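Shown next: work.cif, given as mmCIF, C-alpha atoms.
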```
data_input
#
loop_
_atom_site.label_atom_id
_atom_site.label_comp_id
_atom_site.auth_asym_id
_atom_site.auth_seq_id
_atom_site.Cartn_x
_atom_site.Cartn_y
_atom_site.Cartn_z
CA VAL A 1 183.27 107.58 105.64
CA LEU A 2 180.07 109.62 105.43
CA ASP A 3 179.33 112.37 102.91
CA VAL A 4 177.83 115.38 104.71
CA SER A 5 177.78 117.72 101.71
CA ALA A 6 174.77 119.87 100.86
CA SER A 7 173.46 117.30 98.37
CA MET A 8 172.93 114.88 101.29
CA ARG A 9 170.33 117.28 102.71
CA TYR A 10 167.94 116.25 99.92
CA GLY A 11 164.53 115.09 101.13
CA GLU A 12 162.38 115.95 104.09
CA GLY A 13 161.96 114.49 107.57
CA ASP A 14 162.84 110.80 107.81
CA SER A 15 163.37 110.71 104.03
CA GLN A 16 166.44 112.96 104.08
CA LYS A 17 169.45 111.24 102.53
CA LEU A 18 171.82 112.28 105.34
CA LEU A 19 169.56 110.94 108.08
CA TYR A 20 169.20 107.62 106.27
CA ALA A 21 172.96 107.38 105.65
CA SER A 22 173.70 108.26 109.30
CA ARG A 23 171.41 105.50 110.52
CA MET A 24 173.05 103.04 108.17
CA ALA A 25 176.54 104.05 109.36
CA GLY A 26 175.51 103.70 113.00
CA THR A 27 173.95 100.30 112.39
CA LEU A 28 177.01 99.08 110.53
CA ALA A 29 179.31 100.35 113.28
CA TYR A 30 177.20 98.57 115.91
CA ALA A 31 177.41 95.28 114.00
CA ILE A 32 181.18 95.68 113.60
CA ILE A 33 181.71 96.39 117.31
CA LYS A 34 179.47 93.48 118.37
CA GLN A 35 181.79 91.23 116.35
CA SER A 36 184.69 92.40 118.55
CA ASP A 37 186.20 94.63 115.89
CA LYS A 38 186.77 98.38 115.80
CA ALA A 39 184.78 101.07 113.98
CA SER A 40 185.68 104.66 113.11
CA LEU A 41 183.96 107.54 111.36
CA ALA A 42 185.04 110.29 108.99
CA LEU A 43 182.61 113.01 107.87
CA PHE A 44 183.47 114.96 104.74
CA ASP A 45 182.20 117.34 102.10
CA ASP A 46 184.95 119.18 100.20
CA ALA A 47 187.31 118.33 103.11
CA VAL A 48 187.32 116.06 106.16
CA ARG A 49 185.04 117.76 108.71
CA ALA A 50 185.29 115.29 111.58
CA PHE A 51 187.15 112.10 112.40
CA ILE A 52 186.56 109.64 115.21
CA PRO A 53 189.46 107.19 115.56
CA PRO A 54 188.79 103.44 115.70
CA SER A 55 187.40 101.93 118.91
CA GLY A 56 185.74 98.67 119.82
CA SER A 57 183.74 100.16 122.71
CA LEU A 58 179.96 100.55 122.54
CA ALA A 59 180.57 104.15 123.64
CA GLN A 60 181.89 104.61 120.10
CA ILE A 61 178.30 104.47 118.84
CA VAL A 62 177.41 107.36 121.15
CA ARG A 63 180.41 109.37 119.92
CA MET A 64 179.39 108.74 116.32
CA ALA A 65 175.78 109.71 116.97
CA GLY A 66 177.00 112.99 118.44
CA GLU A 67 178.74 113.80 115.15
CA PHE A 68 175.65 113.00 113.07
CA ASP A 69 173.75 116.02 114.45
#
```

What would the structure in this file look like if it were written as structure tokens?
Amino acid sequence: VLDVSASMRYGEGDSQKLLYASRMAGTLAYAIIKQSDKASLALFDDAVRAFIPPSGSLAQIVRMAGEFD
């Protein structure tokens, strides 16, 4: 679950909270998938904005990265 509310836009460039949190979520998902488990992603602010169902495929990381933009 990743907060994508306006407050996550704090900071500039590589210091922006949302960019840092997105990288952390992607890294965690990669570690989970490499351990033969499944990862999913939900983006929210005042409501759920996107949901990627669980998958154990490395393509899941690409799907997640597409939602981070």

Could you check the closest approach to A:Val1 for each of A:Ala42, A:Ala50, A:Ala59, A:Ala31 and tell me which residue wins, using all atoms listed in the file?
A:Ala42

I'd like the residues picked by the PyMOL selection byres ((chain A and resi 22) around 12) written out as an MDAnalysis selection string, using the chain letters and numbers from the file.
chainID A and resid 1:4 8:9 14:21 23:29 41:43 61 64:69

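Across the model, the gap from atom CA of A:Val62 to atom CA of A:Lys34 is 14.3 Å.
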
I'd like to know which of A:Ser40, A:Pro53, A:Ile32, A:Asp46 is closest to A:Ser7, using only C-alpha atoms.
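Among the listed residues, A:Asp46 lies closest to A:Ser7.
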
Expanded to explicit residues, what is the PyMOL selection byres ((chain A and resi 38) around 6) for this file, as a PyMOL selection string?
chain A and resi 33+37+39+54-56

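Across the structure, atom CA of A:Gln35 and atom CA of A:Leu58 are spaced 11.3 Å apart.
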